[in-house]
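**Student:** Supplied structure: start_20.cif, mmCIF, C-alpha atoms.
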data_data
loop_
_atom_site.label_atom_id
_atom_site.label_comp_id
_atom_site.auth_asym_id
_atom_site.auth_seq_id
_atom_site.Cartn_x
_atom_site.Cartn_y
_atom_site.Cartn_z
CA MET A 1 95.63 92.29 126.07
CA THR A 2 98.45 90.05 127.23
CA ASP A 3 98.33 91.60 130.69
CA THR A 4 94.66 90.85 131.16
CA ILE A 5 94.80 87.25 129.97
CA ALA A 6 97.82 86.12 131.94
CA PRO A 7 96.38 86.37 135.51
CA GLN A 8 93.30 84.53 134.41
CA ALA A 9 95.34 81.76 132.83
CA LYS A 10 97.29 81.43 136.04
CA ALA A 11 94.16 81.44 138.16
CA ALA A 12 92.50 78.82 136.03
CA SER A 13 95.43 76.48 136.36
CA MET A 14 95.36 76.85 140.15
CA GLY A 15 91.80 75.81 140.80
CA PRO A 16 88.30 75.56 139.44
CA LYS A 17 86.83 78.73 140.97
CA PRO A 18 89.39 81.48 141.42
CA ALA A 19 88.11 84.57 143.18
CA GLY A 20 89.96 86.85 140.78
CA SER A 21 88.13 85.67 137.65
CA ARG A 22 85.12 87.84 138.29
CA TRP A 23 86.76 90.84 136.60
CA ARG A 24 86.23 89.30 133.25
CA TYR A 25 82.51 89.86 133.48
CA PHE A 26 83.37 93.53 133.21
CA VAL A 27 85.14 93.10 129.86
CA PRO A 28 81.89 93.14 127.84
CA LEU A 29 80.75 96.12 129.88
CA GLY A 30 84.01 97.90 129.10
CA ILE A 31 83.70 97.16 125.39
CA PHE A 32 80.10 98.32 125.51
CA VAL A 33 81.09 101.63 127.09
CA VAL A 34 83.83 102.19 124.48
CA VAL A 35 81.42 101.45 121.61
CA LEU A 36 78.83 103.69 123.26
CA VAL A 37 81.30 106.58 123.40
CA PHE A 38 82.25 106.12 119.74
CA LEU A 39 78.63 105.94 118.62
CA GLY A 40 77.77 108.94 120.79
CA VAL A 41 80.51 111.01 119.18
CA GLY A 42 79.44 109.73 115.77
CA LEU A 43 75.90 110.93 116.40
CA LYS A 44 77.16 114.44 117.04
CA LEU A 45 79.09 114.59 113.79
CA ASP A 46 77.19 115.91 110.81
CA PRO A 47 78.09 113.97 107.65
CA ARG A 48 76.84 116.92 105.62
CA GLU A 49 79.64 119.06 106.93
CA VAL A 50 82.47 117.92 104.76
CA PRO A 51 85.70 119.58 105.84
CA SER A 52 86.82 121.96 103.12
CA PRO A 53 90.22 121.22 101.62
CA PHE A 54 90.64 124.97 101.08
CA ILE A 55 91.13 125.96 104.72
CA GLY A 56 94.59 127.49 104.93
CA LYS A 57 94.95 127.51 101.15
CA PRO A 58 94.63 130.40 98.71
CA ALA A 59 91.07 130.97 97.59
CA PRO A 60 90.63 130.10 93.91
CA ALA A 61 90.88 133.11 91.63
CA PHE A 62 87.77 134.20 89.78
CA SER A 63 86.66 137.07 87.66
CA LEU A 64 82.95 137.28 86.95
CA PRO A 65 80.47 139.89 85.80
CA ARG A 66 78.60 141.60 88.60
CA LEU A 67 75.02 140.60 89.10
CA GLU A 68 73.71 144.14 89.12
CA ARG A 69 76.14 145.52 86.50
CA PRO A 70 77.02 142.90 83.86
CA GLU A 71 79.50 145.25 82.20
CA ALA A 72 81.62 145.49 85.34
CA ALA A 73 83.63 142.59 86.74
CA ILE A 74 84.42 141.50 90.26
CA SER A 75 87.46 139.36 90.94
CA LYS A 76 89.27 137.92 93.90
CA ALA A 77 92.11 140.35 93.24
CA ASP A 78 89.74 143.28 93.93
CA MET A 79 89.51 142.18 97.54
CA GLN A 80 93.25 141.73 98.10
CA GLY A 81 94.39 143.34 101.35
CA LYS A 82 90.97 143.07 102.99
CA VAL A 83 89.39 140.51 105.24
CA TRP A 84 86.13 139.65 103.52
CA LEU A 85 83.31 137.13 103.31
CA LEU A 86 82.28 135.33 100.19
CA ASN A 87 78.67 134.26 100.58
CA VAL A 88 77.28 131.79 98.06
CA TRP A 89 73.58 132.43 97.49
CA ALA A 90 70.78 132.03 94.99
CA SER A 91 67.21 133.20 94.68
CA TRP A 92 66.06 129.57 94.57
CA CYS A 93 67.79 128.76 97.86
CA VAL A 94 65.44 128.53 100.82
CA THR A 95 68.06 128.51 103.57
CA CYS A 96 69.48 131.75 102.15
CA ARG A 97 66.32 133.49 103.36
CA GLU A 98 66.96 132.14 106.81
CA GLU A 99 70.43 133.63 107.04
CA HIS A 100 69.50 136.81 105.22
CA PRO A 101 68.59 138.98 108.26
CA VAL A 102 71.84 137.95 109.95
CA LEU A 103 73.84 139.01 106.90
CA LEU A 104 71.89 142.26 106.59
CA SER A 105 72.65 143.30 110.16
CA LEU A 106 76.28 142.24 109.73
CA SER A 107 76.48 144.35 106.59
CA LYS A 108 74.95 147.33 108.41
CA SER A 109 77.52 147.04 111.17
CA GLY A 110 80.23 147.48 108.54
CA VAL A 111 82.59 145.08 110.34
CA VAL A 112 83.44 143.08 107.25
CA PRO A 113 82.61 143.44 103.55
CA ILE A 114 80.42 140.69 102.12
CA ILE A 115 80.72 139.72 98.50
CA GLY A 116 77.96 137.53 97.13
CA LEU A 117 78.44 134.67 94.72
CA ASN A 118 75.13 134.37 92.94
CA TYR A 119 75.27 130.68 92.12
CA LYS A 120 73.41 129.08 89.21
CA ASP A 121 70.72 131.72 89.23
CA GLU A 122 68.96 133.83 86.64
CA ARG A 123 70.01 137.45 86.63
CA ASP A 124 66.53 138.97 86.85
CA GLU A 125 65.48 136.55 89.58
CA GLY A 126 68.58 137.32 91.60
CA MET A 127 68.02 141.06 91.20
CA ARG A 128 64.39 140.72 92.20
CA TRP A 129 65.38 138.75 95.29
CA LEU A 130 67.78 141.48 96.39
CA LYS A 131 65.18 144.16 95.76
CA GLN A 132 62.61 142.26 97.77
CA PHE A 133 64.73 141.35 100.79
CA GLY A 134 67.47 143.99 100.69
CA SER A 135 71.11 143.45 99.77
CA PRO A 136 73.80 142.73 102.34
CA TYR A 137 76.40 142.56 99.56
CA GLN A 138 78.90 145.11 98.36
CA THR A 139 78.36 143.38 95.09
CA SER A 140 77.57 139.91 93.84
CA ALA A 141 79.51 137.92 91.29
CA TYR A 142 77.18 136.31 88.77
CA ASP A 143 78.13 132.63 88.42
CA HIS A 144 75.46 131.45 86.05
CA GLU A 145 77.14 128.17 85.08
CA GLY A 146 78.35 127.44 88.59
CA LYS A 147 81.98 127.01 87.47
CA THR A 148 83.35 129.28 90.17
CA GLY A 149 81.14 127.42 92.62
CA ILE A 150 82.82 124.17 91.58
CA ASP A 151 86.24 125.83 91.91
CA TYR A 152 85.32 126.72 95.48
CA GLY A 153 84.06 123.21 96.19
CA VAL A 154 80.53 124.43 96.74
CA TYR A 155 78.11 121.54 97.10
CA GLY A 156 75.19 123.26 98.72
CA VAL A 157 73.85 126.76 99.06
CA PRO A 158 74.39 128.76 101.20
CA GLU A 159 78.06 128.49 102.01
CA THR A 160 80.22 131.28 103.37
CA PHE A 161 83.98 131.61 103.16
CA VAL A 162 86.07 133.85 105.39
CA ILE A 163 89.04 135.05 103.35
CA ASP A 164 91.99 136.90 104.84
CA LYS A 165 94.04 139.85 103.57
CA LYS A 166 96.34 137.59 101.58
CA GLY A 167 93.45 135.85 99.89
CA VAL A 168 93.70 132.66 101.94
CA VAL A 169 90.52 130.82 102.95
CA ARG A 170 90.41 130.65 106.74
CA TYR A 171 86.97 129.29 107.47
CA LYS A 172 83.99 127.86 105.68
CA GLN A 173 80.48 127.98 107.03
CA ILE A 174 78.34 125.25 105.51
CA GLY A 175 74.67 126.10 105.59
CA ALA A 176 73.11 129.23 107.01
CA VAL A 177 75.16 131.80 108.88
CA THR A 178 73.35 131.76 112.21
CA GLU A 179 73.70 134.34 114.99
CA GLU A 180 75.56 131.69 116.93
CA ALA A 181 78.02 130.88 114.12
CA LEU A 182 78.53 134.59 113.53
CA ASN A 183 79.26 135.46 117.15
CA LYS A 184 81.22 132.37 118.09
CA LYS A 185 83.25 131.73 114.95
CA ILE A 186 83.09 134.31 112.22
CA LEU A 187 83.32 137.62 114.09
CA PRO A 188 86.17 136.55 116.41
CA LEU A 189 88.03 135.20 113.39
CA VAL A 190 87.49 138.40 111.40
CA LYS A 191 88.79 140.41 114.36
CA GLN A 192 91.84 138.21 114.61
CA LEU A 193 92.50 138.36 110.87
CA ASN A 194 92.14 142.12 110.80
CA ALA A 195 94.83 142.30 113.46
CA GLU A 196 97.17 140.28 111.24
CA SER A 197 99.34 142.33 108.97
CA MET B 1 28.36 86.84 93.28
CA ARG B 2 28.31 90.30 91.77
CA LYS B 3 30.25 91.59 94.72
CA ALA B 4 32.92 88.94 94.35
CA LYS B 5 33.27 89.75 90.68
CA GLY B 6 33.66 93.45 91.50
CA THR B 7 36.40 92.70 94.03
CA LEU B 8 38.20 90.54 91.52
CA LEU B 9 38.05 93.29 88.93
CA ARG B 10 39.33 95.83 91.41
CA TRP B 11 42.20 93.53 92.29
CA LEU B 12 43.06 93.13 88.66
CA VAL B 13 43.07 96.88 88.03
CA CYS B 14 45.15 97.51 91.13
CA SER B 15 47.71 94.88 90.14
CA LEU B 16 47.97 96.32 86.64
CA VAL B 17 48.45 99.86 87.97
CA LEU B 18 51.05 98.60 90.43
CA LEU B 19 52.86 96.69 87.70
CA ARG B 20 52.87 99.78 85.54
CA LEU B 21 54.27 101.87 88.39
CA LEU B 22 56.96 99.35 89.20
CA THR B 23 58.16 98.97 85.65
CA PHE B 24 57.74 102.64 84.80
CA SER B 25 60.99 104.41 84.13
CA PRO B 26 60.61 108.15 84.39
CA ALA B 27 61.47 110.07 81.26
CA HIS B 28 64.08 112.20 82.96
CA ALA B 29 66.17 109.15 83.90
CA ALA B 30 67.58 109.17 80.41
CA ASP B 31 68.47 112.82 80.26
CA ALA B 32 72.08 112.50 81.42
CA PRO B 33 73.25 114.77 78.68
CA PRO B 34 75.19 114.86 75.45
CA ALA B 35 78.04 112.49 74.53
CA ALA B 36 75.40 110.22 73.03
CA GLY B 37 77.50 110.38 69.90
CA ASP B 38 80.51 109.02 71.74
CA PRO B 39 79.72 105.83 73.66
CA VAL B 40 83.40 105.22 74.42
CA LEU B 41 83.74 108.55 76.18
CA GLU B 42 80.43 108.03 77.97
CA ALA B 43 81.54 104.61 79.19
CA ARG B 44 84.73 106.17 80.50
CA VAL B 45 82.77 108.90 82.29
CA VAL B 46 80.47 106.32 83.90
CA ALA B 47 83.33 104.04 84.93
CA PHE B 48 85.25 106.97 86.38
CA THR B 49 82.35 108.56 88.25
CA SER B 50 81.18 105.24 89.72
CA ASN B 51 84.07 105.48 92.16
CA LEU B 52 83.23 109.00 93.25
CA ARG B 53 80.75 110.11 95.84
CA CYS B 54 78.07 112.64 95.09
CA LEU B 55 78.34 115.32 97.78
CA VAL B 56 74.72 116.37 97.57
CA CYS B 57 73.21 112.93 98.07
CA GLN B 58 75.99 111.16 99.87
CA ASN B 59 74.67 107.65 99.48
CA GLU B 60 74.88 107.89 95.73
CA SER B 61 77.83 107.72 93.41
CA LEU B 62 78.45 110.58 91.06
CA ALA B 63 77.58 108.26 88.19
CA ALA B 64 74.18 107.41 89.62
CA SER B 65 73.23 110.82 90.92
CA GLN B 66 70.92 113.16 89.08
CA ALA B 67 71.53 116.06 91.45
CA ASP B 68 72.30 119.37 89.74
CA LEU B 69 75.82 119.47 91.06
CA ALA B 70 76.47 115.88 89.99
CA ILE B 71 75.31 116.67 86.47
CA ASP B 72 77.53 119.78 86.38
CA LEU B 73 80.49 117.79 87.62
CA LYS B 74 79.90 115.04 85.08
CA ASN B 75 79.79 117.68 82.34
CA GLN B 76 83.02 119.13 83.66
CA ILE B 77 84.62 115.68 83.76
CA ARG B 78 83.38 114.94 80.25
CA ASP B 79 84.89 118.20 78.99
CA LYS B 80 88.19 117.43 80.64
CA MET B 81 88.27 113.91 79.20
CA ARG B 82 87.53 115.33 75.78
CA ALA B 83 90.41 117.72 76.28
CA GLY B 84 92.61 114.68 76.86
CA GLU B 85 93.19 114.89 80.60
CA SER B 86 94.09 111.69 82.43
CA ASP B 87 91.86 110.10 85.07
CA ASP B 88 94.46 110.87 87.72
CA ALA B 89 94.55 114.55 86.79
CA ILE B 90 90.77 114.78 86.94
CA ARG B 91 90.69 112.94 90.26
CA ASP B 92 93.22 115.43 91.66
CA TYR B 93 91.09 118.26 90.33
CA LEU B 94 88.08 116.95 92.26
CA VAL B 95 89.98 116.17 95.44
CA ALA B 96 91.48 119.68 95.43
CA ARG B 97 87.94 121.06 95.53
CA TYR B 98 85.93 118.60 97.57
CA GLY B 99 88.58 116.76 99.57
CA ASP B 100 89.18 113.02 99.93
CA PHE B 101 85.52 112.73 100.79
CA VAL B 102 84.62 112.43 97.10
CA LEU B 103 86.66 109.24 96.81
CA TYR B 104 84.97 105.98 97.70
CA LYS B 105 88.43 104.54 98.13
CA PRO B 106 90.33 106.90 100.41
CA PRO B 107 94.10 107.18 99.95
CA LEU B 108 96.47 105.71 102.52
CA LYS B 109 97.92 108.53 104.60
CA ALA B 110 98.50 109.51 108.22
CA THR B 111 94.88 110.38 108.94
CA THR B 112 93.50 107.23 107.32
CA VAL B 113 95.93 104.66 108.71
CA LEU B 114 93.40 103.53 111.31
CA LEU B 115 90.82 103.05 108.58
CA TRP B 116 93.09 100.85 106.50
CA ALA B 117 95.00 99.01 109.21
CA GLY B 118 92.20 98.86 111.82
CA PRO B 119 90.53 95.65 110.61
CA PHE B 120 93.88 93.87 110.38
CA ALA B 121 94.83 95.09 113.86
CA LEU B 122 91.53 93.71 115.19
CA LEU B 123 92.22 90.40 113.44
CA VAL B 124 95.67 90.18 115.02
CA ILE B 125 94.24 91.00 118.47
CA GLY B 126 91.59 88.33 117.95
CA LEU B 127 94.18 85.75 116.99
CA ILE B 128 96.31 86.60 120.05
CA VAL B 129 93.32 86.25 122.36
CA LEU B 130 92.37 82.98 120.70
CA GLY B 131 95.95 81.66 121.01
CA LEU B 132 96.19 82.61 124.66
CA ASN B 133 92.83 81.00 125.36
CA ILE B 134 93.86 77.75 123.70
CA ARG B 135 97.10 77.76 125.66
CA ARG B 136 95.27 78.41 128.91
CA ARG B 137 92.89 75.53 128.31
CA ALA B 138 95.72 73.22 127.43
CA ALA B 139 97.57 74.27 130.59
CA ALA B 140 94.44 73.68 132.69
CA GLY B 141 94.90 69.95 132.09
CA SER B 142 93.48 67.25 129.87
CA GLY B 143 90.09 67.55 131.51
CA ALA B 144 90.38 64.11 133.13
CA LEU B 145 89.00 63.95 136.68
CA SER B 146 91.08 63.09 139.67
CA ALA B 147 90.08 60.36 142.18
CA GLU B 148 89.01 63.11 144.52
CA ASP B 149 86.70 64.58 141.85
CA HIS B 150 85.13 61.17 141.29
CA ALA B 151 84.45 60.75 144.99
CA ARG B 152 82.84 64.16 145.20
CA ALA B 153 80.71 63.50 142.12
CA ARG B 154 79.50 60.20 143.53
CA GLU B 155 78.59 61.88 146.78
CA LEU B 156 76.56 64.54 144.98
CA LEU B 157 74.73 61.98 142.86
CA GLN B 158 73.79 59.96 145.91
CA GLU B 159 72.56 63.06 147.60
CA ALA B 160 70.38 63.88 144.64
CA GLU B 161 68.97 60.37 144.54
CA ARG B 162 68.01 60.51 148.17
CA GLN B 163 65.90 63.64 147.65
#
Give the structure from the file, written as structure tokens.
**Tutor:**
Amino acid sequence: MTDTIAPQAKAASMGPKPAGSRWRYFVPLGIFVVVLVFLGVGLKLDPREVPSPFIGKPAPAFSLPRLERPEAAISKADMQGKVWLLNVWASWCVTCREEHPVLLSLSKSGVVPIIGLNYKDERDEGMRWLKQFGSPYQTSAYDHEGKTGIDYGVYGVPETFVIDKKGVVRYKQIGAVTEEALNKKILPLVKQLNAES
Amino acid sequence: MRKAKGTLLRWLVCSLVLLRLLTFSPAHAADAPPAAGDPVLEARVVAFTSNLRCLVCQNESLAASQADLAIDLKNQIRDKMRAGESDDAIRDYLVARYGDFVLYKPPLKATTVLLWAGPFALLVIGLIVLGLNIRRRAAAGSGALSAEDHARARELLQEAERQ
């Protein structure tokens, strides 16, 4: 700022109409452009996508009854040593239907196991949903109270976590898993994580 | 006359309905659950959650929100307070899960320095610009006109008068 003021001050003291003072008409334009860039970037950011504090941190442990077999449990420890997806879903969730075909074809490809977290749902409704649309899940953990959801910082359904062999969260997809998100983010990451020892 | 009376009546009914709607408080507004037996605890929950953001409806505080998740979180917070956990411990618990985003007052750290110091930096820049401007004006002279300026002014005025 000092640099830009000094020449003007000098010019002003030399005479009433210095030729060099015209630059200052560009200052508002410059500020305008800077503000425009900031606002433009701000428009592109989605305030709904809150960065997860879990990225790079161990996924919270859980042990829950399975949706389809209440007598059997599924826990985080069961998936140790595998790269896997934890997909939060519910029968009442509309966007889950949107991502469902993508998950089904991913599941058929067998690239990565998908564990469901049936969040704040009723057991029979969840089961009916899977029967109606088909199940992409190896199994689903039944989180009726949503406590595990809270532990995972879930604030909307669906959400999908990519968890590595050591049980560390590496990526979180907020909202539906789209073809684009799958091909650009999730699959390359899974490939990379599978290559890790 | 009949018509006018009818209009008046309609107006009256409309105003009454509107008044009823405006003052109507939906029954579910009161269903923020249990702890009714413990107003001290409830006051603590409300005071604590007023400073936290609801992640589902981001323009609401956790205290004000009736979203499912907000209610669950308030229940969780209530349980923890009952169990004797401190506010700080509960705040850490929430930040660990949802990040700094849940706090209306973000902590001062490397990534938030701009947020905290930015306004003061702008103030300082403003003061510097103001100072330099004042100095420049002072240096430009007292504003008094020289003899030459007076002569030129007179010339211009005469010119204008002639036209």
**Student:** What residues come out when you apply the PyMOL selection byres ((chain B and resi 90) around 12) to this file, written as a VMD selection string?
**Tutor:** chain B and resid 45 48 to 49 52 73 to 74 76 to 89 91 to 97
**Student:** Between CA of Lys105 (chain B) and CA of Arg53 (chain B), what is the distance, to one decimal in Å?
**Tutor:** 9.8 Å
**Student:** I need the output of the PyMOL selection byres ((chain B) within 6 of (chain A)) for this file as a list in words; which residues are they?
**Tutor:** Arg97, Tyr98, Gly99, Arg136 and Ala140 of chain B
**Student:** Just say which residues the PyMOL selection byres ((chain B and resi 63-66) around 12) picks in this file, as JSON, numbers by chain.
**Tutor:** {"B": [28, 29, 30, 31, 32, 33, 42, 43, 44, 45, 46, 47, 48, 49, 50, 51, 52, 53, 54, 55, 56, 57, 58, 59, 60, 61, 62, 67, 68, 69, 70, 71, 72, 73, 74, 75, 77, 78]}
**Student:** If we count all atoms listed in the file, what is near Ile186 (chain A) at a cut-off of 10 Å, once residues fewer than 4 positions away on the same chain are taken out, given as a PyMOL selection string?
**Tutor:** chain A and resi 85+160-162+170-173+177+179-182+190-192
**Student:** Show me, as a PyMOL selection string, the residues that have an atom within 9 Å of Ala59 (chain A) when counting all atoms listed in the file, minus same-chain residues fewer than 5 positions from it.
**Tutor:** chain A and resi 54+76+152+163+167-169
**Student:** What is the distance between CA of Lys131 (chain A) and CA of Val111 (chain A), in Å to one decimal?
**Tutor:** 22.7 Å
**Student:** May I have the centre and edge lengths, in Å to one decimal, of an axis-aligned box around the listed atoms of region 48-64 of chain B with 5 Å added to every side, as JSON?
**Tutor:**
{"center_x": 79.2, "center_y": 110.8, "center_z": 93.1, "size_x": 22.0, "size_y": 21.1, "size_z": 23.5}
**Student:** Interatomic distance between CA of Val102 (chain A) and CA of Gly116 (chain A)?
**Tutor:** 14.2 Å
**Student:** Can you pull out the residues contacting region 110-126 of chain B? Cut-off 12 Å, using only C-alpha atoms, and skip same-chain residues under 4 positions away; I want them as a PDB file with C-alpha atoms, in the coordinates of the input.
**Tutor:**
ATOM      1  CA  MET A   1      95.630  92.290 126.070  1.00  0.00           C
ATOM      2  CA  THR A   2      98.450  90.050 127.230  1.00  0.00           C
TER       3      THR A   2
ATOM      4  CA  ASP B 100      89.180 113.020  99.930  1.00  0.00           C
ATOM      5  CA  PHE B 101      85.520 112.730 100.790  1.00  0.00           C
ATOM      6  CA  LYS B 105      88.430 104.540  98.130  1.00  0.00           C
ATOM      7  CA  PRO B 106      90.330 106.900 100.410  1.00  0.00           C
ATOM      8  CA  LEU B 130      92.370  82.980 120.700  1.00  0.00           C
ATOM      9  CA  GLY B 131      95.950  81.660 121.010  1.00  0.00           C
ATOM     10  CA  LEU B 132      96.190  82.610 124.660  1.00  0.00           C
ATOM     11  CA  ASN B 133      92.830  81.000 125.360  1.00  0.00           C
TER      12      ASN B 133
END
**Student:** Find the residues near Ala90 (chain A): any atom within 12 Å, counting all atoms listed in the file, skip ones fewer than 4 places away on the same chain, and give them as a PyMOL selection string.
**Tutor:** chain A and resi 67+94-97+100+116-130+140-144+146+149+156-159
**Student:** Keeping only C-alpha atoms, write those residues as a CSV table (one decimal), keeping the file's coordinate frame.
**Tutor:**
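The file below, result-v8.csv, is the result:
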chain,number,residue,atom,x,y,z
A,67,LEU,CA,75.0,140.6,89.1
A,94,VAL,CA,65.4,128.5,100.8
A,95,THR,CA,68.1,128.5,103.6
A,96,CYS,CA,69.5,131.8,102.2
A,97,ARG,CA,66.3,133.5,103.4
A,100,HIS,CA,69.5,136.8,105.2
A,116,GLY,CA,78.0,137.5,97.1
A,117,LEU,CA,78.4,134.7,94.7
A,118,ASN,CA,75.1,134.4,92.9
A,119,TYR,CA,75.3,130.7,92.1
A,120,LYS,CA,73.4,129.1,89.2
A,121,ASP,CA,70.7,131.7,89.2
A,122,GLU,CA,69.0,133.8,86.6
A,123,ARG,CA,70.0,137.4,86.6
A,124,ASP,CA,66.5,139.0,86.8
A,125,GLU,CA,65.5,136.6,89.6
A,126,GLY,CA,68.6,137.3,91.6
A,127,MET,CA,68.0,141.1,91.2
A,128,ARG,CA,64.4,140.7,92.2
A,129,TRP,CA,65.4,138.8,95.3
A,130,LEU,CA,67.8,141.5,96.4
A,140,SER,CA,77.6,139.9,93.8
A,141,ALA,CA,79.5,137.9,91.3
A,142,TYR,CA,77.2,136.3,88.8
A,143,ASP,CA,78.1,132.6,88.4
A,144,HIS,CA,75.5,131.4,86.0
A,146,GLY,CA,78.4,127.4,88.6
A,149,GLY,CA,81.1,127.4,92.6
A,156,GLY,CA,75.2,123.3,98.7
A,157,VAL,CA,73.8,126.8,99.1
A,158,PRO,CA,74.4,128.8,101.2
A,159,GLU,CA,78.1,128.5,102.0
